[in-house]
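Structure data (CSV, C-alpha atoms and all ligand atoms) from target_38.csv:
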chain,number,residue,atom,x,y,z
T,1,MET,CA,0.1,-9.2,-6.8
T,2,GLY,CA,2.8,-11.5,-5.4
T,3,GLU,CA,2.4,-13.5,-2.1
T,4,ARG,CA,5.0,-11.4,-0.4
T,5,PRO,CA,4.0,-8.0,1.0
T,6,ASP,CA,5.8,-4.9,-0.2
T,7,VAL,CA,8.9,-4.1,1.8
T,8,LYS,CA,8.4,-0.9,3.8
T,9,VAL,CA,11.2,1.5,3.3
T,10,ALA,CA,12.4,4.6,5.1
T,11,VAL,CA,14.6,6.9,3.0
T,12,LEU,CA,17.1,9.2,4.8
T,13,ILE,CA,18.3,12.3,2.9
T,14,SER,CA,20.2,15.5,3.4
T,15,GLY,CA,19.8,17.2,0.1
T,16,ARG,CA,18.4,17.4,-3.4
T,17,GLY,CA,17.1,13.8,-3.4
T,18,SER,CA,17.5,12.7,-7.0
T,19,ASN,CA,18.0,9.1,-5.8
T,20,LEU,CA,15.0,9.5,-3.6
T,21,GLN,CA,13.1,10.5,-6.7
T,22,ALA,CA,14.3,7.4,-8.5
T,23,LEU,CA,13.0,5.3,-5.6
T,24,LEU,CA,9.7,7.2,-5.5
T,25,ASP,CA,9.2,6.7,-9.2
T,26,ALA,CA,10.0,3.0,-9.0
T,27,CYS,CA,7.6,2.5,-6.0
T,28,ALA,CA,4.8,4.2,-7.9
T,29,LYS,CA,4.7,1.2,-10.2
T,30,PRO,CA,2.2,-1.3,-9.0
T,31,GLU,CA,4.4,-4.3,-9.5
T,32,PHE,CA,7.4,-2.8,-7.6
T,33,PRO,CA,7.9,-4.8,-4.4
T,34,ALA,CA,8.5,-1.8,-2.1
T,35,GLU,CA,6.7,1.1,-0.5
T,36,ILE,CA,8.3,4.2,0.9
T,37,VAL,CA,6.6,4.8,4.3
T,38,CYS,CA,8.7,7.9,5.3
T,39,VAL,CA,11.4,10.2,4.2
T,40,ILE,CA,13.6,11.7,7.0
T,41,SER,CA,15.9,14.6,6.5
T,42,ASN,CA,18.4,16.0,8.9
T,43,ILE,CA,18.3,19.3,6.9
T,44,ALA,CA,15.0,21.3,7.1
T,45,ASP,CA,15.1,22.7,3.6
T,46,ALA,CA,16.4,19.7,1.8
T,47,TYR,CA,14.8,19.7,-1.7
T,48,GLY,CA,14.2,16.0,-1.4
T,49,LEU,CA,11.5,16.7,1.2
T,50,GLU,CA,9.5,18.6,-1.4
T,51,ARG,CA,9.8,15.5,-3.7
T,52,ALA,CA,8.4,13.3,-1.0
T,53,ARG,CA,5.5,15.6,-0.3
T,54,ARG,CA,4.7,15.8,-4.0
T,55,ALA,CA,4.5,12.0,-4.0
T,56,GLY,CA,2.3,12.0,-0.9
T,57,VAL,CA,4.9,10.4,1.3
T,58,ALA,CA,5.2,11.3,5.0
T,59,THR,CA,8.2,13.4,5.8
T,60,GLN,CA,10.0,14.3,9.0
T,61,VAL,CA,12.9,16.6,9.8
T,62,ILE,CA,15.3,15.4,12.5
T,63,ASP,CA,17.9,18.0,12.9
T,64,HIS,CA,21.2,16.5,14.2
T,65,LYS,CA,22.1,19.8,15.7
T,66,ALA,CA,19.3,19.4,18.2
T,67,PHE,CA,20.9,16.4,19.8
T,68,PRO,CA,23.9,16.4,22.2
T,69,THR,CA,25.5,13.3,20.8
T,70,ARG,CA,25.5,11.2,17.7
T,71,GLU,CA,24.0,8.4,19.7
T,72,ALA,CA,21.1,10.6,20.7
T,73,PHE,CA,20.5,11.6,17.1
T,74,ASP,CA,20.6,8.0,16.0
T,75,ALA,CA,18.1,7.0,18.7
T,76,ALA,CA,15.7,9.6,17.4
T,77,LEU,CA,16.2,8.2,13.9
T,78,ASP,CA,15.6,4.7,15.2
T,79,THR,CA,12.4,5.7,16.9
T,80,ALA,CA,11.0,7.5,13.8
T,81,ILE,CA,11.9,4.7,11.5
T,82,ARG,CA,10.3,2.1,13.7
T,83,ALA,CA,7.2,4.3,14.2
T,84,ALA,CA,6.8,4.5,10.5
T,85,GLY,CA,6.9,0.7,10.3
T,86,ALA,CA,9.9,0.6,8.0
T,87,GLU,CA,11.8,-2.7,7.6
T,88,LEU,CA,14.5,-1.3,5.2
T,89,VAL,CA,16.4,2.0,5.5
T,90,CYS,CA,17.8,3.5,2.3
T,91,LEU,CA,20.4,6.2,2.7
T,92,ALA,CA,20.2,8.6,-0.3
T,93,GLY,CA,22.7,11.4,0.1
T,94,PHE,CA,22.3,11.3,3.8
T,95,MET,CA,25.4,13.2,5.1
T,96,ARG,CA,25.7,11.9,8.6
T,97,LEU,CA,27.7,8.9,9.8
T,98,LEU,CA,25.6,6.4,11.6
T,99,THR,CA,26.9,5.1,15.0
T,100,PRO,CA,27.9,1.4,15.5
T,101,GLY,CA,24.9,1.0,17.8
T,102,PHE,CA,22.6,1.9,15.0
T,103,THR,CA,24.3,-0.1,12.3
T,104,LYS,CA,24.4,-3.1,14.5
T,105,ALA,CA,20.7,-2.9,15.5
T,106,TRP,CA,19.8,-2.5,11.8
T,107,HIS,CA,22.4,-5.0,10.4
T,108,GLY,CA,21.5,-6.2,6.9
T,109,ARG,CA,18.6,-3.7,6.8
T,110,VAL,CA,20.4,-0.4,5.9
T,111,ILE,CA,21.7,0.2,2.4
T,112,ASN,CA,23.5,3.2,0.9
T,113,ILE,CA,24.4,4.4,-2.6
T,114,HIS,CA,27.9,5.6,-3.1
T,115,PRO,CA,29.1,7.4,-6.2
T,116,ALA,CA,32.2,5.2,-6.9
T,117,LEU,CA,33.1,1.6,-7.6
T,118,LEU,CA,33.8,0.5,-4.1
T,119,PRO,CA,36.2,-0.3,-2.5
T,120,SER,CA,37.8,2.5,-4.6
T,121,PHE,CA,37.2,6.1,-3.6
T,122,LYS,CA,35.4,5.8,-0.3
T,123,GLY,CA,34.3,9.1,1.3
T,124,LEU,CA,33.8,12.4,-0.4
T,125,HIS,CA,34.7,14.0,-3.8
T,126,THR,CA,34.7,10.7,-5.5
T,127,HIS,CA,34.5,12.1,-9.1
T,128,ARG,CA,37.4,14.6,-8.6
T,129,ARG,CA,39.5,11.8,-7.1
T,130,ALA,CA,38.6,9.4,-9.9
T,131,LEU,CA,39.7,12.1,-12.5
T,132,GLU,CA,42.9,12.7,-10.6
T,133,ALA,CA,43.7,9.0,-10.4
T,134,GLY,CA,43.1,8.7,-14.1
T,135,VAL,CA,40.9,5.7,-13.9
T,136,LYS,CA,39.2,4.7,-17.2
T,137,LEU,CA,36.2,3.2,-15.5
T,138,HIS,CA,34.2,4.7,-12.7
T,139,GLY,CA,30.7,4.1,-11.4
T,140,CYS,CA,28.5,3.6,-8.4
T,141,SER,CA,27.7,1.0,-5.8
T,142,VAL,CA,24.8,0.0,-3.6
T,143,HIS,CA,26.0,-1.7,-0.4
T,144,PHE,CA,24.8,-2.7,3.0
T,145,VAL,CA,25.8,-0.2,5.7
T,146,THR,CA,28.2,-1.2,8.5
T,147,ALA,CA,30.0,0.8,11.1
T,148,ASP,CA,32.8,1.5,8.7
T,149,LEU,CA,32.3,4.2,6.2
T,150,ASP,CA,31.4,3.0,2.7
T,151,ASP,CA,32.7,-0.5,3.6
T,152,GLY,CA,29.7,-2.8,3.7
T,153,PRO,CA,28.9,-5.8,1.5
T,154,LEU,CA,28.2,-4.8,-2.1
T,155,ILE,CA,24.8,-5.5,-3.6
T,156,VAL,CA,24.8,-3.9,-7.1
T,157,GLN,CA,27.5,-1.9,-9.0
T,158,ALA,CA,27.4,-0.1,-12.3
T,159,ALA,CA,30.4,1.0,-14.3
T,160,VAL,CA,30.7,4.0,-16.6
T,161,PRO,CA,33.6,5.2,-18.8
T,162,VAL,CA,35.6,8.2,-17.9
T,163,LEU,CA,35.8,10.1,-21.1
T,164,ASP,CA,38.5,12.5,-22.4
T,165,GLY,CA,37.4,16.0,-21.6
T,166,ASP,CA,35.3,15.0,-18.6
T,167,ASP,CA,35.2,17.4,-15.7
T,168,GLU,CA,33.7,16.7,-12.3
T,169,ASP,CA,30.2,17.7,-13.4
T,170,SER,CA,30.1,15.7,-16.6
T,171,LEU,CA,31.4,12.6,-14.8
T,172,ALA,CA,29.0,13.1,-11.8
T,173,GLN,CA,26.1,13.3,-14.2
T,174,ARG,CA,27.1,10.1,-16.0
T,175,VAL,CA,27.4,8.3,-12.7
T,176,LEU,CA,24.2,9.8,-11.4
T,177,THR,CA,22.2,8.3,-14.3
T,178,ALA,CA,23.6,4.9,-13.3
T,179,GLU,CA,22.8,5.5,-9.7
T,180,HIS,CA,19.2,6.2,-10.6
T,181,ARG,CA,19.1,2.8,-12.3
T,182,ILE,CA,20.8,0.6,-9.7
T,183,TYR,CA,19.3,2.0,-6.5
T,184,PRO,CA,15.8,1.0,-7.5
T,185,LEU,CA,17.2,-2.3,-8.8
T,186,ALA,CA,18.8,-3.1,-5.4
T,187,VAL,CA,15.6,-2.3,-3.6
T,188,LYS,CA,13.6,-4.4,-6.0
T,189,LEU,CA,16.0,-7.4,-5.5
T,190,ILE,CA,15.6,-7.0,-1.7
T,191,GLY,CA,11.9,-6.6,-2.0
T,192,GLU,CA,11.7,-9.8,-4.0
T,193,GLY,CA,13.7,-11.6,-1.2
T,194,ARG,CA,16.5,-12.4,-3.6
T,195,VAL,CA,19.4,-10.8,-1.7
T,196,HIS,CA,21.3,-12.8,0.9
T,197,LEU,CA,24.0,-11.5,3.1
T,198,ASP,CA,26.8,-14.1,3.6
T,199,GLY,CA,29.5,-12.4,5.6
T,200,ARG,CA,31.2,-9.8,3.4
T,201,VAL,CA,29.5,-11.2,0.3
T,202,VAL,CA,26.0,-10.7,-1.1
T,203,ARG,CA,24.4,-13.4,-3.2
T,204,VAL,CA,21.5,-12.5,-5.5
T,205,ASP,CA,19.1,-15.3,-6.4
T,206,GLY,CA,18.5,-15.7,-10.1
T,207,ALA,CA,21.0,-13.0,-11.2
T,208,ALA,CA,21.4,-13.0,-14.9
T,209,ASP,CA,24.9,-12.7,-16.5
T,210,ALA,CA,25.2,-9.0,-17.3
T,211,GLY,CA,26.8,-10.2,-20.5
T,212,ALA,CA,29.0,-7.3,-21.5
T,213,THR,CA,32.6,-6.2,-20.9
T,214,LEU,CA,33.0,-2.5,-20.7
T,215,VAL,CA,36.3,-1.4,-22.3
T,216,ASN,CA,37.4,2.2,-22.2
T,217,PRO,CA,38.9,3.7,-24.3
T,218,ILE,CA,38.1,1.9,-27.5
T,219,ALA,CA,39.8,2.7,-30.8
A,1,LIG,C1,24.6,10.8,-4.8
A,1,LIG,O1,25.7,11.0,-5.6
A,1,LIG,C2,24.9,9.6,-3.9
A,1,LIG,O2,25.6,8.6,-4.5
A,1,LIG,C3,25.7,10.2,-2.7
A,1,LIG,O3,25.1,11.4,-2.5
A,1,LIG,C4,24.5,11.9,-3.7
A,1,LIG,C5,23.1,12.2,-3.4
A,1,LIG,O4,22.4,12.8,-4.5
A,1,LIG,N1,25.6,9.3,-1.6
A,1,LIG,P1,20.9,13.0,-4.4
A,1,LIG,O5,20.5,13.8,-3.2
A,1,LIG,O6,20.3,11.6,-4.4
A,1,LIG,O7,20.5,13.7,-5.7
As structure tokens, please, write out the structure in this file.
Amino acid sequence: MGERPDVKVAVLISGRGSNLQALLDACAKPEFPAEIVCVISNIADAYGLERARRAGVATQVIDHKAFPTREAFDAALDTAIRAAGAELVCLAGFMRLLTPGFTKAWHGRVINIHPALLPSFKGLHTHRRALEAGVKLHGCSVHFVTADLDDGPLIVQAAVPVLDGDDEDSLAQRVLTAEHRIYPLAVKLIGEGRVHLDGRVVRVDGAADAGATLVNPIA
């Protein structure tokens, strides 16, 4: 519809692929400015591969264990992503660290979703650590990927309350619902050409004021 062609996306997964599903569902809408051209998993039986097949998207398994070094694995990823014609790489529960060579070559073209309000709770077990820290607000972040883990420029974040009686599962589920909202949103903004990387900071053209303050708890 628009003058700009859809951005071609490769999605990298290692597991169940619920964020991949959110992206597949978004891309299925004709007006959505992105197209998933391949789904790559480092795990052969990742359920996300089944989701991709069901959506008619090409899949590939690249098993990291088949490569002698991380550099060799990343070179295989690079080749597959380029062969598919992808311009943007979305990490969606992809449990491998990318090498500096890869992140440099793809600077500004790899994004990740992380289940915490970065820069808090980088790394694993974010929900458990948020509960232990007693934070009242938690959430998720979509960010550009750099060589440093969970450290790249932030594109979109969503906050959710941490409620009395939450356990890791209930909190994870609340965050996941927000993830499924903001990952497609970030891809949409990129597809529309509205996301600009300016050093550490991302500017989004035409971003509306979210308009609400989330306070937790309220009495
Ligand atoms: C999500 O919580 C995501 O934020 C994190 O890994 C999890 C992947 O879940 N990076 P899924 O495979 O998308 O369901």
For ligand LIG 1 (chain A), collect every residue having any atom at a distance of at most 10 Å from a ligand atom (counting all atoms listed in the file); output as an mmCIF file with C-alpha atoms, keeping the file's coordinate frame.
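Produced file result-v3.cif, reproduced below:
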data_model
loop_
_atom_site.group_PDB
_atom_site.id
_atom_site.type_symbol
_atom_site.label_atom_id
_atom_site.label_comp_id
_atom_site.auth_asym_id
_atom_site.auth_seq_id
_atom_site.Cartn_x
_atom_site.Cartn_y
_atom_site.Cartn_z
ATOM 1 C CA LEU T 12 17.100 9.200 4.800
ATOM 2 C CA ILE T 13 18.300 12.300 2.900
ATOM 3 C CA SER T 14 20.200 15.500 3.400
ATOM 4 C CA GLY T 15 19.800 17.200 0.100
ATOM 5 C CA ARG T 16 18.400 17.400 -3.400
ATOM 6 C CA GLY T 17 17.100 13.800 -3.400
ATOM 7 C CA SER T 18 17.500 12.700 -7.000
ATOM 8 C CA ASN T 19 18.000 9.100 -5.800
ATOM 9 C CA LEU T 20 15.000 9.500 -3.600
ATOM 10 C CA GLN T 21 13.100 10.500 -6.700
ATOM 11 C CA ALA T 22 14.300 7.400 -8.500
ATOM 12 C CA LEU T 23 13.000 5.300 -5.600
ATOM 13 C CA ALA T 46 16.400 19.700 1.800
ATOM 14 C CA TYR T 47 14.800 19.700 -1.700
ATOM 15 C CA GLY T 48 14.200 16.000 -1.400
ATOM 16 C CA LEU T 91 20.400 6.200 2.700
ATOM 17 C CA ALA T 92 20.200 8.600 -0.300
ATOM 18 C CA GLY T 93 22.700 11.400 0.100
ATOM 19 C CA PHE T 94 22.300 11.300 3.800
ATOM 20 C CA MET T 95 25.400 13.200 5.100
ATOM 21 C CA ASN T 112 23.500 3.200 0.900
ATOM 22 C CA ILE T 113 24.400 4.400 -2.600
ATOM 23 C CA HIS T 114 27.900 5.600 -3.100
ATOM 24 C CA PRO T 115 29.100 7.400 -6.200
ATOM 25 C CA ALA T 116 32.200 5.200 -6.900
ATOM 26 C CA GLY T 123 34.300 9.100 1.300
ATOM 27 C CA LEU T 124 33.800 12.400 -0.400
ATOM 28 C CA HIS T 125 34.700 14.000 -3.800
ATOM 29 C CA THR T 126 34.700 10.700 -5.500
ATOM 30 C CA HIS T 127 34.500 12.100 -9.100
ATOM 31 C CA GLY T 139 30.700 4.100 -11.400
ATOM 32 C CA CYS T 140 28.500 3.600 -8.400
ATOM 33 C CA SER T 141 27.700 1.000 -5.800
ATOM 34 C CA VAL T 142 24.800 0.000 -3.600
ATOM 35 C CA ASP T 150 31.400 3.000 2.700
ATOM 36 C CA ALA T 172 29.000 13.100 -11.800
ATOM 37 C CA GLN T 173 26.100 13.300 -14.200
ATOM 38 C CA VAL T 175 27.400 8.300 -12.700
ATOM 39 C CA LEU T 176 24.200 9.800 -11.400
ATOM 40 C CA THR T 177 22.200 8.300 -14.300
ATOM 41 C CA ALA T 178 23.600 4.900 -13.300
ATOM 42 C CA GLU T 179 22.800 5.500 -9.700
ATOM 43 C CA HIS T 180 19.200 6.200 -10.600
ATOM 44 C CA TYR T 183 19.300 2.000 -6.500
#
Using all atoms listed in the file, find the one residue out of T:Ile111, T:Ala186, T:Leu117, T:Val89 that sits nearest to T:Lys136.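 Smallest separation from T:Lys136 among the options: T:Leu117.
Take the candidates T:Ala147, T:Val156, T:Ala207, T:Val202 and check each one against T:Ile182 using all atoms listed in the file; the shortest distance goes to T:Val156.
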To one decimal place, how far is atom CA of T:Leu77 from atom CA of T:Glu31 in Å? 29.0 Å
Report, in Å with one decimal, the straight-line distance from atom CA of T:Ala28 to atom CA of T:Ala58. 14.7 Å
Between atom CA of T:Leu24 and atom CA of T:Ile81, distance in Å (one decimal):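 Between atom CA of T:Leu24 and atom CA of T:Ile81 the gap is 17.3 Å.
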Best match for closeness to T:Pro30 among T:Pro217, T:Asn42, T:Cys90, T:Asp6, counting all atoms listed in the file: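 Of T:Pro217, T:Asn42, T:Cys90, T:Asp6, the one nearest T:Pro30, counting all atoms listed in the file, is T:Asp6.
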For T:Pro5, which residue out of T:Ala34, T:Leu98, T:Val204, T:Ala83 is the nearest one, using all atoms listed in the file?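 Using all atoms listed in the file, the shortest distance to T:Pro5 belongs to T:Ala34.
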Counting only C-alpha atoms, figure out which residue out of T:Leu154, T:Ala130, T:Ala72, T:Ala52 gets nearest to T:Val201.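 Using only C-alpha atoms, T:Val201 sits closest to T:Leu154.
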Polymer residues at most 8 Å from stretch 192-194 of chain T, all atoms listed in the file, same-chain spacing of 3 or more positions, as number ranges by chain: T: 4, 33, 188-189, 203-206
Would you be able to write out as a compact mmCIF listing (two decimals) with C-alpha atoms, in the frame of the given file which residues have an atom within 9 Å of (16.0, -4.8, 9.3) in the file's coordinates, counting all atoms listed in the file?
# COMPACT_ATOMS: atom_id res chain seq x y z
CA ALA T 86 9.90 0.60 8.00
CA GLU T 87 11.80 -2.70 7.60
CA LEU T 88 14.50 -1.30 5.20
CA VAL T 89 16.40 2.00 5.50
CA ALA T 105 20.70 -2.90 15.50
CA TRP T 106 19.80 -2.50 11.80
CA HIS T 107 22.40 -5.00 10.40
CA GLY T 108 21.50 -6.20 6.90
CA ARG T 109 18.60 -3.70 6.80
CA VAL T 110 20.40 -0.40 5.90
One residue among T:Pro68, T:Ile155, T:Phe73, T:Gln60 is nearest to T:His196 when using all atoms listed in the file, and that residue is T:Ile155
Please rebuild stretch 116-135 of chain T with N, CA and C atoms and give the result as a PDB file, keeping the file's coordinate frame.
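Written file, selection_6.pdb:
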ATOM      1  N   ALA T 116      30.909   5.735  -6.476  1.00  0.00           N
ATOM      2  CA  ALA T 116      32.200   5.200  -6.900  1.00  0.00           C
ATOM      3  C   ALA T 116      32.092   3.687  -6.934  1.00  0.00           C
ATOM      4  N   LEU T 117      33.038   3.080  -7.643  1.00  0.00           N
ATOM      5  CA  LEU T 117      33.100   1.600  -7.600  1.00  0.00           C
ATOM      6  C   LEU T 117      33.902   1.193  -6.416  1.00  0.00           C
ATOM      7  N   LEU T 118      33.193   0.969  -5.326  1.00  0.00           N
ATOM      8  CA  LEU T 118      33.800   0.500  -4.100  1.00  0.00           C
ATOM      9  C   LEU T 118      34.556  -0.784  -4.309  1.00  0.00           C
ATOM     10  N   PRO T 119      35.676  -1.074  -3.634  1.00  0.00           N
ATOM     11  CA  PRO T 119      36.200  -0.300  -2.500  1.00  0.00           C
ATOM     12  C   PRO T 119      37.111   0.889  -2.934  1.00  0.00           C
ATOM     13  N   SER T 120      37.116   1.269  -4.221  1.00  0.00           N
ATOM     14  CA  SER T 120      37.800   2.500  -4.600  1.00  0.00           C
ATOM     15  C   SER T 120      37.054   3.714  -4.173  1.00  0.00           C
ATOM     16  N   PHE T 121      37.758   4.750  -3.811  1.00  0.00           N
ATOM     17  CA  PHE T 121      37.200   6.100  -3.600  1.00  0.00           C
ATOM     18  C   PHE T 121      36.022   6.069  -2.571  1.00  0.00           C
ATOM     19  N   LYS T 122      36.310   5.562  -1.395  1.00  0.00           N
ATOM     20  CA  LYS T 122      35.400   5.800  -0.300  1.00  0.00           C
ATOM     21  C   LYS T 122      35.388   7.247   0.084  1.00  0.00           C
ATOM     22  N   GLY T 123      34.358   7.691   0.775  1.00  0.00           N
ATOM     23  CA  GLY T 123      34.300   9.100   1.300  1.00  0.00           C
ATOM     24  C   GLY T 123      33.842  10.066   0.234  1.00  0.00           C
ATOM     25  N   LEU T 124      34.313  11.296   0.368  1.00  0.00           N
ATOM     26  CA  LEU T 124      33.800  12.400  -0.400  1.00  0.00           C
ATOM     27  C   LEU T 124      34.576  12.684  -1.683  1.00  0.00           C
ATOM     28  N   HIS T 125      34.013  13.529  -2.555  1.00  0.00           N
ATOM     29  CA  HIS T 125      34.700  14.000  -3.800  1.00  0.00           C
ATOM     30  C   HIS T 125      35.184  12.884  -4.649  1.00  0.00           C
ATOM     31  N   THR T 126      34.341  11.904  -4.819  1.00  0.00           N
ATOM     32  CA  THR T 126      34.700  10.700  -5.500  1.00  0.00           C
ATOM     33  C   THR T 126      35.061  10.987  -7.015  1.00  0.00           C
ATOM     34  N   HIS T 127      34.295  11.890  -7.633  1.00  0.00           N
ATOM     35  CA  HIS T 127      34.500  12.100  -9.100  1.00  0.00           C
ATOM     36  C   HIS T 127      35.822  12.875  -9.307  1.00  0.00           C
ATOM     37  N   ARG T 128      36.091  13.862  -8.459  1.00  0.00           N
ATOM     38  CA  ARG T 128      37.400  14.600  -8.600  1.00  0.00           C
ATOM     39  C   ARG T 128      38.529  13.612  -8.376  1.00  0.00           C
ATOM     40  N   ARG T 129      38.415  12.756  -7.387  1.00  0.00           N
ATOM     41  CA  ARG T 129      39.500  11.800  -7.100  1.00  0.00           C
ATOM     42  C   ARG T 129      39.669  10.784  -8.207  1.00  0.00           C
ATOM     43  N   ALA T 130      38.558  10.383  -8.810  1.00  0.00           N
ATOM     44  CA  ALA T 130      38.600   9.400  -9.900  1.00  0.00           C
ATOM     45  C   ALA T 130      39.354  10.083 -11.114  1.00  0.00           C
ATOM     46  N   LEU T 131      39.038  11.361 -11.372  1.00  0.00           N
ATOM     47  CA  LEU T 131      39.700  12.100 -12.500  1.00  0.00           C
ATOM     48  C   LEU T 131      41.198  12.230 -12.171  1.00  0.00           C
ATOM     49  N   GLU T 132      41.516  12.561 -10.944  1.00  0.00           N
ATOM     50  CA  GLU T 132      42.900  12.700 -10.600  1.00  0.00           C
ATOM     51  C   GLU T 132      43.698  11.418 -10.659  1.00  0.00           C
ATOM     52  N   ALA T 133      43.025  10.331 -10.330  1.00  0.00           N
ATOM     53  CA  ALA T 133      43.700   9.000 -10.400  1.00  0.00           C
ATOM     54  C   ALA T 133      43.806   8.497 -11.793  1.00  0.00           C
ATOM     55  N   GLY T 134      43.053   9.102 -12.713  1.00  0.00           N
ATOM     56  CA  GLY T 134      43.100   8.700 -14.100  1.00  0.00           C
ATOM     57  C   GLY T 134      42.480   7.361 -14.420  1.00  0.00           C
ATOM     58  N   VAL T 135      41.541   6.953 -13.585  1.00  0.00           N
ATOM     59  CA  VAL T 135      40.900   5.700 -13.900  1.00  0.00           C
ATOM     60  C   VAL T 135      40.081   5.808 -15.175  1.00  0.00           C
TER      61      VAL T 135
END
